[in-house]
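Notes follow the structure.
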Amino acid sequence: MLPPIASKRPHTITQHGQTRIDPYFWMRYREDPTVIQYLEAENAYTAASLAHTEELQEALYKEMRLRIKEDDSSVPVRRGAFEYYTRTEQGKQYPLYCRKQNGQEEILLDVNALAEGHEFCKIANFDVSPDGRYLAFAVDYNGSEHFELRIKDLVTGQLLPEQIEHTYYTLEWANDSATLFYNTLDSASRPHRIWRHTLGAPAAQDTLIYEETDESYFVWVRKSRSGRFLFIYTQNNTTSEWRYTSADQPTEFQIFAARQPGVEYKLDHHDERFLILTNENAQNFKLMECAVAQTAKEHWSVLIPHRAEVLLDGIEVFKDYLVVLEREGGLKQLRVSGPLGQNARRVAFPEPVYTFWLTNWNETEQNPEYDTPILRFTYSSLVTPDSVIDYGLADGSWTVRKRQEVPGYDATQYISERLLAPTSDGVQVPISIVYKRGLQKDGRAPLFLYAYGSYGATVEPQFNTNRLSLLERGVTFAIAHIRGGSELGRAWYENGKLQHKKNTFTDFIACAEHLIAQGYTAADKLAIMGVSAGGLLMGAVTTMRPDLFKCVIAKVPFVDVINTMSDPSIPLTVIEWEEWGNPAKPDDFAYMLSYSPYDNVQAREYPHLLVTGGLNDPRVAYWEPAKFVAKLRELKTDSNRLLLKTNMGAGHAGASGRFDYLKEIALEYAFMLDTLGAA
């Protein structure tokens with residue numbers, strides 16, 4: 001089967017005196033039937049090209065599914081009089097949200113029933129009212145991340161008539177259990193308004209509480225763990241501003257500290273004081289405090305000072321304890337103290353390379369109670385399955401409440417290491433690596449290298465059951481902790497954004513070269529993958545060093561950098577200028593154009609490529625991967641495989657069902673293994 005050839009419709013773009021011809025600009029017009037026909041033709045070509053791997057795909061799918069305990073339950077989380085948990089049932093794609101009181105189970109929401117008749121179904125903002133009677137939740141049926149907000153009466157089991165469209169990832173109850181705050185999206189999918197809803201009233205009568213008119217900011221709402229305050233906060237990638245009001249009588253929100261360009265802060269509450277985490281004159285952040293009645297900056301005092309070697313990543317405030325999330329030497333740490341910072345100590349972790357997190361897989365809080373002697377977190381490493389830990393805040397006790405069950409898995413058969421790759425400008429880039437015992441470092445083993453490197457986000461060395469299908473076939477897995485993330489502090493992030501963005505790409509190349517030099521792999525055995533902004537990374541390093549990689553998987557890749565960042569009508573564009581630059585500025589335009597993958601495709605040989613997209617993706621539009629593949633197919637001079645797979649019923653994260661998602665992973669792994677000769 002011959003690959004589809006996209007038609008060329010020249011579109012002229014002139015910026016800063018430079019004229020570019022974009023022959024595939026037309027792909028953004030999804031109402032044009034030719035667009036859907038092209039995407040479907042590419043999907044058919046991908047299926048035909050990988051038809052010989054169908055048996056391998058099925059084997060991988062079955063392996064990965066067998067590692068899932070299909071009939072399972074999360075560790076219950078106490079909130080008020082109830083214990084809340086999720087559970088899954090044999091053969092069902094989606095979870096059931098449940099709670100118990102006196103041992104009696106109550107199913108609050110069966111997502112499988114909700115998903116009936118829908119190709120996609122995602123739940124967000126699952127939140128029960130303080131009195132336990134009402135459930136507010138939001139559902140997305142197409143992957144666009146435009147959620148419909150619904151409210152369920154847990155006494156009658158009936159949904160209330162309110163249906164609120166175009167809501168986003170934030171929702172909070174006032175303490176009266178009758179008032180609800182939520183945000184909505186504008187035409188560019190930006191959360192810009194906060195509304196107040198009263199139970200039983202038509203949504204059309206909801207009160208607009210706050211509107212953020214600056215297009216570079218998102219707006220959110222949250223409640224302090226103490227339950228005393230509601231917060232509205234606005235933020236972009238460099239600046240934030242918070243407002244607060246009583247959660248008992250949420251009337252007018254007062255501004256806490258007016259926004260200052262380049263100053264970020266987060267607000268929380270304890271007793272009669274506010275705690276302020278800020279980067280003002282503190283690149284790695286510091287922790288301040290002030291009295292609730294005296295919030296002006298002259299009344300702030302330092303609780304934890306700035307430290308050049310430690311990134312202060314967040315705080316968790318409890319009645320009798322303060323937990324600080326830190327990062328040092330590339331690893332996350334937990335600092336536990338009394339509420340005033342006294343008797344501070346760090347939690348001791350059992351492995352040299354590890355990670356942990358304080359929220360569940362569905363972003364629900366594992367520590368909702370304010371007055372508790374226990375901190376719950378999930379611990380994981382590249383060789384240790386996810387383990388739910390109850391940590392005694394008073395005595396440092398460590399209780400494993402649940403460890404992920406992986407049939408047949410033996411952790412002693414795998415080795416995890418941390419390497420450092422030198423770069424041309426003198427920094428050392430950490431690499432986390434895991435492989436099956438017995439690896440011969442002679443350059444003949446296949447290796448799968450993953451990275452992200454944007455927004456200060458960190459790729460954590462976390463366990464993944466699906467990855468075992470690669471490790472068991474002799475593939476080494478590695479994470480490159482490149483600049484653009486926050487692994488080594490805020491400077492690590494800032495040296496991988498804006499006019500320093502190319503450090504992200506050259507760091508990744510340096511990691512690949514180091515792994516080859518150390519005998520872990522060779523260029524003809526090296527596969528790489530990145531997602532979203534990590535997909536930009538894939539596009540950039542592929543156009544910079546196509547000789548260095550055998551196989552590239554670019555998932556929902558942000559590759560049409562200049563065109564997207566020049567169009568503020570595209571979702572998320574304006575807020576992204578703080579991360580990438582604004583092409584309206586000549587210097588930013590020139591720098592971005594120098595690495596934008598779509599603009600740097602040339603007539604040359606490229607590795608084998610699998611590129612994916614989602615038709616309803618609001619973060620990276622489907623046309624970015626489609627245009628990238630079309631241009632590569634036009635210009636590349638090799639016979640290597642170039643495949644585009646677009647999910648026609650989903651968005652940025654792919655399939656929503658836990659088994660359907662495995663089929664997508666199986667296809668990607670089969671492509672990689674087949675290309676590397678490791679099938």
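Residues in the structure tokens are numbered from 1 in each chain, the chains being A, B, ... in the order shown, and ligands are numbered from 1 in the order shown.
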Inset, instruction - Check the DSSP output for the backbone and give back, as a ChimeraX atom specification, the residues of stretch 256-492 of chain A in strand (DSSP E). - result: /A:256-257,265-270,273-278,286-291,301-304,311-317,322-328,331-337,345-346,355-357,374-380,387-392,398-403,414-422,428-436,447-450,476-480
List the neighbours of A:Ala308 out to 12 Å using only C-alpha atoms; skip same-chain residues closer than 5 positions along the sequence, and give me the result as a PDB file with N, CA and C atoms, in the first residue's frame.
```pdb
ATOM      1  N   ASN A 279       8.455  33.185  44.950  1.00  0.00           N
ATOM      2  CA  ASN A 279       9.793  33.281  44.352  1.00  0.00           C
ATOM      3  C   ASN A 279      10.287  34.724  44.291  1.00  0.00           C
ATOM      4  N   ASN A 281      12.433  37.550  44.847  1.00  0.00           N
ATOM      5  CA  ASN A 281      13.823  37.607  45.303  1.00  0.00           C
ATOM      6  C   ASN A 281      14.290  36.251  45.838  1.00  0.00           C
ATOM      7  N   ALA A 282      13.772  35.175  45.269  1.00  0.00           N
ATOM      8  CA  ALA A 282      14.098  33.825  45.744  1.00  0.00           C
ATOM      9  C   ALA A 282      13.832  32.844  44.603  1.00  0.00           C
ATOM     10  N   GLN A 283      14.832  32.624  43.757  1.00  0.00           N
ATOM     11  CA  GLN A 283      14.624  31.836  42.539  1.00  0.00           C
ATOM     12  C   GLN A 283      14.039  30.457  42.843  1.00  0.00           C
ATOM     13  N   ASN A 284      14.514  29.798  43.920  1.00  0.00           N
ATOM     14  CA  ASN A 284      14.020  28.470  44.285  1.00  0.00           C
ATOM     15  C   ASN A 284      12.892  28.516  45.311  1.00  0.00           C
ATOM     16  N   PHE A 285      12.309  29.682  45.502  1.00  0.00           N
ATOM     17  CA  PHE A 285      11.178  29.922  46.380  1.00  0.00           C
ATOM     18  C   PHE A 285      11.571  29.917  47.865  1.00  0.00           C
ATOM     19  N   LYS A 286      10.769  30.660  48.641  1.00  0.00           N
ATOM     20  CA  LYS A 286      10.889  30.718  50.096  1.00  0.00           C
ATOM     21  C   LYS A 286       9.475  30.676  50.668  1.00  0.00           C
ATOM     22  N   ARG A 327      12.890  19.663  46.466  1.00  0.00           N
ATOM     23  CA  ARG A 327      13.628  18.880  45.470  1.00  0.00           C
ATOM     24  C   ARG A 327      15.094  19.275  45.563  1.00  0.00           C
ATOM     25  N   GLU A 328      15.948  18.269  45.744  1.00  0.00           N
ATOM     26  CA  GLU A 328      17.377  18.515  45.853  1.00  0.00           C
ATOM     27  C   GLU A 328      18.128  17.403  45.145  1.00  0.00           C
ATOM     28  N   GLY A 329      19.118  17.775  44.357  1.00  0.00           N
ATOM     29  CA  GLY A 329      19.904  16.780  43.648  1.00  0.00           C
ATOM     30  C   GLY A 329      19.089  15.928  42.698  1.00  0.00           C
ATOM     31  N   LEU A 488      16.746  19.933  38.828  1.00  0.00           N
ATOM     32  CA  LEU A 488      17.858  20.514  39.578  1.00  0.00           C
ATOM     33  C   LEU A 488      17.564  21.948  39.992  1.00  0.00           C
ATOM     34  N   GLY A 489      16.295  22.256  40.216  1.00  0.00           N
ATOM     35  CA  GLY A 489      15.925  23.576  40.697  1.00  0.00           C
ATOM     36  C   GLY A 489      15.362  24.470  39.614  1.00  0.00           C
ATOM     37  N   ARG A 490      14.946  25.647  40.049  1.00  0.00           N
ATOM     38  CA  ARG A 490      14.287  26.580  39.140  1.00  0.00           C
ATOM     39  C   ARG A 490      15.204  27.023  38.004  1.00  0.00           C
ATOM     40  N   ALA A 491      16.497  27.168  38.257  1.00  0.00           N
ATOM     41  CA  ALA A 491      17.425  27.573  37.192  1.00  0.00           C
ATOM     42  C   ALA A 491      17.475  26.524  36.085  1.00  0.00           C
ATOM     43  N   TRP A 492      17.299  25.264  36.459  1.00  0.00           N
ATOM     44  CA  TRP A 492      17.280  24.167  35.469  1.00  0.00           C
ATOM     45  C   TRP A 492      16.130  24.364  34.487  1.00  0.00           C
TER      46      TRP A 492
END
```
Mind dumping a table of every stretch 401-427 of chain A residue within 12 Å of stretch 459-470 of chain A, with the nearest atom pair and its distance in Å to one decimal, using only C-alpha atoms, sorted by chain and rising number, as a tab-separated table?
```
residue	atom	partner	partner_atom	distance
A:Arg403	CA	A:Phe463	CA	11.6
A:Gln404	CA	A:Thr465	CA	9.6
A:Glu405	CA	A:Thr465	CA	9.8
A:Val406	CA	A:Thr465	CA	7.4
A:Pro407	CA	A:Thr465	CA	10.0
A:Gly408	CA	A:Leu468	CA	10.8
A:Tyr409	CA	A:Leu468	CA	8.8
A:Asp410	CA	A:Leu468	CA	10.7
A:Ala411	CA	A:Phe463	CA	10.7
A:Gln413	CA	A:Leu468	CA	11.1
A:Tyr414	CA	A:Leu468	CA	9.9
A:Ser416	CA	A:Pro461	CA	9.5
A:Glu417	CA	A:Pro461	CA	10.4
A:Arg418	CA	A:Pro461	CA	10.0
```
Legend entry - Shell of 8 Å around A:Ile255, only C-alpha atoms, local chain residues under 5 positions omitted, as a PyMOL selection string: chain A and resi 241-244
Quick one: write out the picked residues with C-alpha atoms as a JSON list (two decimals), in the first residue's frame?
```json
[["chain", "number", "residue", "atom", "x", "y", "z"],
["A", 241, "GLU", "CA", -2.34, 36.60, 42.04],
["A", 242, "TRP", "CA", -4.67, 35.29, 44.77],
["A", 243, "ARG", "CA", -7.96, 36.37, 46.31],
["A", 244, "TYR", "CA", -9.68, 34.98, 49.39]]
```
Inset, instruction - Quick one: everything within 10 Å of A:Leu447, counting only C-alpha atoms, minus sequence neighbours fewer than 4 positions away in the same chain. Send it as an NGL selection string. - result: :A and (433 or 435 or 443 or 470-471 or 474-478 or 512 or 515-516 or 520-528 or 676)
Atoms kept (N, CA and C atoms) for selection, written as a PDB file, in the first residue's frame:
```pdb
ATOM      1  N   ILE A 433      17.822   5.189  34.733  1.00  0.00           N
ATOM      2  CA  ILE A 433      17.872   4.063  33.804  1.00  0.00           C
ATOM      3  C   ILE A 433      17.501   2.781  34.526  1.00  0.00           C
ATOM      4  N   TYR A 435      17.098  -1.644  33.669  1.00  0.00           N
ATOM      5  CA  TYR A 435      17.268  -2.722  32.707  1.00  0.00           C
ATOM      6  C   TYR A 435      17.215  -4.055  33.440  1.00  0.00           C
ATOM      7  N   GLY A 443      27.096  -2.193  23.596  1.00  0.00           N
ATOM      8  CA  GLY A 443      26.571  -1.406  22.494  1.00  0.00           C
ATOM      9  C   GLY A 443      25.611  -2.131  21.583  1.00  0.00           C
ATOM     10  N   LEU A 470       8.840  -4.327  27.557  1.00  0.00           N
ATOM     11  CA  LEU A 470      10.082  -3.953  26.888  1.00  0.00           C
ATOM     12  C   LEU A 470      11.287  -4.540  27.617  1.00  0.00           C
ATOM     13  N   LEU A 471      11.314  -4.381  28.934  1.00  0.00           N
ATOM     14  CA  LEU A 471      12.459  -4.879  29.711  1.00  0.00           C
ATOM     15  C   LEU A 471      12.626  -6.384  29.541  1.00  0.00           C
ATOM     16  N   GLY A 474      14.591  -7.365  26.589  1.00  0.00           N
ATOM     17  CA  GLY A 474      15.971  -6.914  26.546  1.00  0.00           C
ATOM     18  C   GLY A 474      16.158  -5.453  26.224  1.00  0.00           C
ATOM     19  N   VAL A 475      15.071  -4.660  26.261  1.00  0.00           N
ATOM     20  CA  VAL A 475      15.165  -3.226  25.981  1.00  0.00           C
ATOM     21  C   VAL A 475      15.442  -2.486  27.287  1.00  0.00           C
ATOM     22  N   THR A 476      16.455  -1.654  27.296  1.00  0.00           N
ATOM     23  CA  THR A 476      16.740  -0.787  28.438  1.00  0.00           C
ATOM     24  C   THR A 476      15.870   0.461  28.333  1.00  0.00           C
ATOM     25  N   PHE A 477      15.385   0.924  29.483  1.00  0.00           N
ATOM     26  CA  PHE A 477      14.576   2.139  29.501  1.00  0.00           C
ATOM     27  C   PHE A 477      15.321   3.227  30.252  1.00  0.00           C
ATOM     28  N   ALA A 478      15.316   4.453  29.699  1.00  0.00           N
ATOM     29  CA  ALA A 478      16.027   5.563  30.332  1.00  0.00           C
ATOM     30  C   ALA A 478      15.214   6.845  30.224  1.00  0.00           C
ATOM     31  N   ALA A 512      21.783  10.968  24.796  1.00  0.00           N
ATOM     32  CA  ALA A 512      21.830   9.856  23.837  1.00  0.00           C
ATOM     33  C   ALA A 512      23.280   9.484  23.520  1.00  0.00           C
ATOM     34  N   LEU A 515      24.877   7.623  26.520  1.00  0.00           N
ATOM     35  CA  LEU A 515      24.425   6.237  26.643  1.00  0.00           C
ATOM     36  C   LEU A 515      25.115   5.349  25.604  1.00  0.00           C
ATOM     37  N   ILE A 516      25.341   5.891  24.423  1.00  0.00           N
ATOM     38  CA  ILE A 516      26.068   5.143  23.393  1.00  0.00           C
ATOM     39  C   ILE A 516      27.538   4.986  23.790  1.00  0.00           C
ATOM     40  N   TYR A 520      25.673   1.292  26.532  1.00  0.00           N
ATOM     41  CA  TYR A 520      24.300   0.840  26.796  1.00  0.00           C
ATOM     42  C   TYR A 520      23.556   0.525  25.506  1.00  0.00           C
ATOM     43  N   THR A 521      23.928   1.187  24.408  1.00  0.00           N
ATOM     44  CA  THR A 521      23.218   0.996  23.154  1.00  0.00           C
ATOM     45  C   THR A 521      24.078   1.540  22.020  1.00  0.00           C
ATOM     46  N   ALA A 522      23.492   1.563  20.817  1.00  0.00           N
ATOM     47  CA  ALA A 522      24.129   2.169  19.642  1.00  0.00           C
ATOM     48  C   ALA A 522      23.057   2.940  18.884  1.00  0.00           C
ATOM     49  N   ALA A 523      23.479   3.795  17.974  1.00  0.00           N
ATOM     50  CA  ALA A 523      22.516   4.628  17.254  1.00  0.00           C
ATOM     51  C   ALA A 523      21.489   3.787  16.511  1.00  0.00           C
ATOM     52  N   ASP A 524      21.917   2.634  15.988  1.00  0.00           N
ATOM     53  CA  ASP A 524      20.975   1.799  15.248  1.00  0.00           C
ATOM     54  C   ASP A 524      20.131   0.907  16.157  1.00  0.00           C
ATOM     55  N   LYS A 525      20.259   1.105  17.481  1.00  0.00           N
ATOM     56  CA  LYS A 525      19.444   0.376  18.454  1.00  0.00           C
ATOM     57  C   LYS A 525      18.708   1.332  19.397  1.00  0.00           C
ATOM     58  N   LEU A 526      18.684   2.617  19.050  1.00  0.00           N
ATOM     59  CA  LEU A 526      18.168   3.634  19.957  1.00  0.00           C
ATOM     60  C   LEU A 526      16.801   4.136  19.486  1.00  0.00           C
ATOM     61  N   ALA A 527      15.798   3.974  20.356  1.00  0.00           N
ATOM     62  CA  ALA A 527      14.457   4.496  20.116  1.00  0.00           C
ATOM     63  C   ALA A 527      14.193   5.627  21.103  1.00  0.00           C
ATOM     64  N   ILE A 528      13.479   6.652  20.659  1.00  0.00           N
ATOM     65  CA  ILE A 528      13.188   7.783  21.533  1.00  0.00           C
ATOM     66  C   ILE A 528      11.702   8.116  21.454  1.00  0.00           C
ATOM     67  N   LEU A 676      13.460  -1.934  15.897  1.00  0.00           N
ATOM     68  CA  LEU A 676      14.761  -2.204  16.513  1.00  0.00           C
ATOM     69  C   LEU A 676      15.211  -3.649  16.346  1.00  0.00           C
TER      70      LEU A 676
END
```
Legend entry - Neighbour list for stretch 10-21 of chain A as an MDAnalysis selection string, cut-off 9 Å, only C-alpha atoms, skip fewer than 6 positions in-chain: chainID A and resid 583:586 589
Legend entry - Residues near A:Ala258, cut-off 12 Å, only C-alpha atoms, skip fewer than 4 positions along chain, as a ChimeraX atom specification: /A:233-235,239-243,254,263-265,295-297
Any chance you could export the current selection's N, CA and C atoms as an mmCIF file, in the first residue's frame?
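Generated output (out35.cif):
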```
data_model
loop_
_atom_site.group_PDB
_atom_site.id
_atom_site.type_symbol
_atom_site.label_atom_id
_atom_site.label_comp_id
_atom_site.auth_asym_id
_atom_site.auth_seq_id
_atom_site.Cartn_x
_atom_site.Cartn_y
_atom_site.Cartn_z
ATOM 1 N N TYR A 233 -7.470 32.051 42.303
ATOM 2 C CA TYR A 233 -6.124 32.458 41.903
ATOM 3 C C TYR A 233 -5.985 32.450 40.392
ATOM 4 N N THR A 234 -5.265 33.447 39.912
ATOM 5 C CA THR A 234 -4.968 33.572 38.490
ATOM 6 C C THR A 234 -3.468 33.408 38.310
ATOM 7 N N GLN A 235 -3.081 32.774 37.196
ATOM 8 C CA GLN A 235 -1.658 32.528 36.977
ATOM 9 C C GLN A 235 -1.350 32.367 35.497
ATOM 10 N N THR A 239 3.740 34.553 36.621
ATOM 11 C CA THR A 239 3.127 35.502 37.550
ATOM 12 C C THR A 239 1.831 34.925 38.102
ATOM 13 N N SER A 240 1.520 35.248 39.362
ATOM 14 C CA SER A 240 0.268 34.784 39.954
ATOM 15 C C SER A 240 -0.321 35.838 40.873
ATOM 16 N N GLU A 241 -1.614 35.672 41.173
ATOM 17 C CA GLU A 241 -2.340 36.602 42.037
ATOM 18 C C GLU A 241 -3.484 35.836 42.696
ATOM 19 N N TRP A 242 -3.661 36.030 44.007
ATOM 20 C CA TRP A 242 -4.672 35.286 44.773
ATOM 21 C C TRP A 242 -5.669 36.227 45.421
ATOM 22 N N ARG A 243 -6.899 35.712 45.568
ATOM 23 C CA ARG A 243 -7.965 36.367 46.309
ATOM 24 C C ARG A 243 -8.544 35.369 47.302
ATOM 25 N N GLN A 254 -11.342 39.122 48.536
ATOM 26 C CA GLN A 254 -10.365 40.196 48.696
ATOM 27 C C GLN A 254 -9.042 39.800 48.040
ATOM 28 N N VAL A 263 6.642 37.535 39.455
ATOM 29 C CA VAL A 263 6.526 37.078 40.848
ATOM 30 C C VAL A 263 5.388 36.065 40.952
ATOM 31 N N GLU A 264 5.730 34.867 41.404
ATOM 32 C CA GLU A 264 4.743 33.819 41.635
ATOM 33 C C GLU A 264 4.564 33.615 43.132
ATOM 34 N N TYR A 265 3.343 33.325 43.535
ATOM 35 C CA TYR A 265 3.135 32.921 44.918
ATOM 36 C C TYR A 265 1.926 32.006 45.018
ATOM 37 N N THR A 295 -2.284 41.342 55.990
ATOM 38 C CA THR A 295 -1.759 40.645 54.811
ATOM 39 C C THR A 295 -0.827 41.498 53.964
ATOM 40 N N ALA A 296 -0.675 42.780 54.273
ATOM 41 C CA ALA A 296 0.230 43.622 53.500
ATOM 42 C C ALA A 296 1.652 43.086 53.598
ATOM 43 N N LYS A 297 2.441 43.280 52.546
ATOM 44 C CA LYS A 297 3.765 42.662 52.477
ATOM 45 C C LYS A 297 4.694 43.074 53.605
#
```
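Every protein or nucleic acid residue with an atom no more than 6 Å from A:Met27, counting only C-alpha atoms and leaving out same-chain residues fewer than 3 positions away, appears here: Tyr24, Val35 and Trp623 of chain A.
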Inset, instruction - Pull the helix (DSSP H, G or I) assignments for stretch 434-679 of chain A out of DSSP run on the backbone, and list those residues as number ranges by chain. - result: A: 468-471, 490-494, 498-500, 502-517, 523-525, 533-544, 546-548, 561-565, 573-580, 586-595, 597-600, 623-635, 658-676
Legend entry - Using only C-alpha atoms: which of A:Ala348, A:Leu537, A:Val139, A:Val559 has the shortest distance to A:Lys122: A:Val139
Legend entry - Distance in Å - atom CA of A:Asn125 versus atom CA of A:Glu579: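 Rounded to one decimal, the two atoms are 27.0 Å apart.
Proximity of A:Leu149, A:Ala257, A:Val324, A:Val427 to A:His299, computed with only C-alpha atoms, is greatest for A:Ala257.
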How close does each residue of stretch 350-423 of chain A get to stretch 319-323 of chain A, giving the shortest atom pair and distance in Å to one decimal for every residue with an atom at most 9 Å away, counting only C-alpha atoms, sorted by chain and residue number, as a tab-separated table?
```
residue	atom	partner	partner_atom	distance
A:Tyr370	CA	A:Lys319	CA	5.6
A:Asp371	CA	A:Lys319	CA	5.1
A:Thr372	CA	A:Lys319	CA	7.4
A:Pro373	CA	A:Asp320	CA	7.9
A:Leu375	CA	A:Val323	CA	8.7
A:Leu393	CA	A:Tyr321	CA	7.3
A:Ala394	CA	A:Tyr321	CA	8.7
```
Legend entry - One-decimal distance in Å that lies between atom CA of A:Met592 and atom CA of A:Met544: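 Atom-to-atom, atom CA of A:Met544 and atom CA of A:Met592 are spaced 13.9 Å apart.
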Legend entry - Interatomic distance, atom CA of A:Asp22 to atom CA of A:Asp560 (Å, one decimal):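 If I compute the distance from atom CA of A:Asp22 to atom CA of A:Asp560, I get 10.7 Å.
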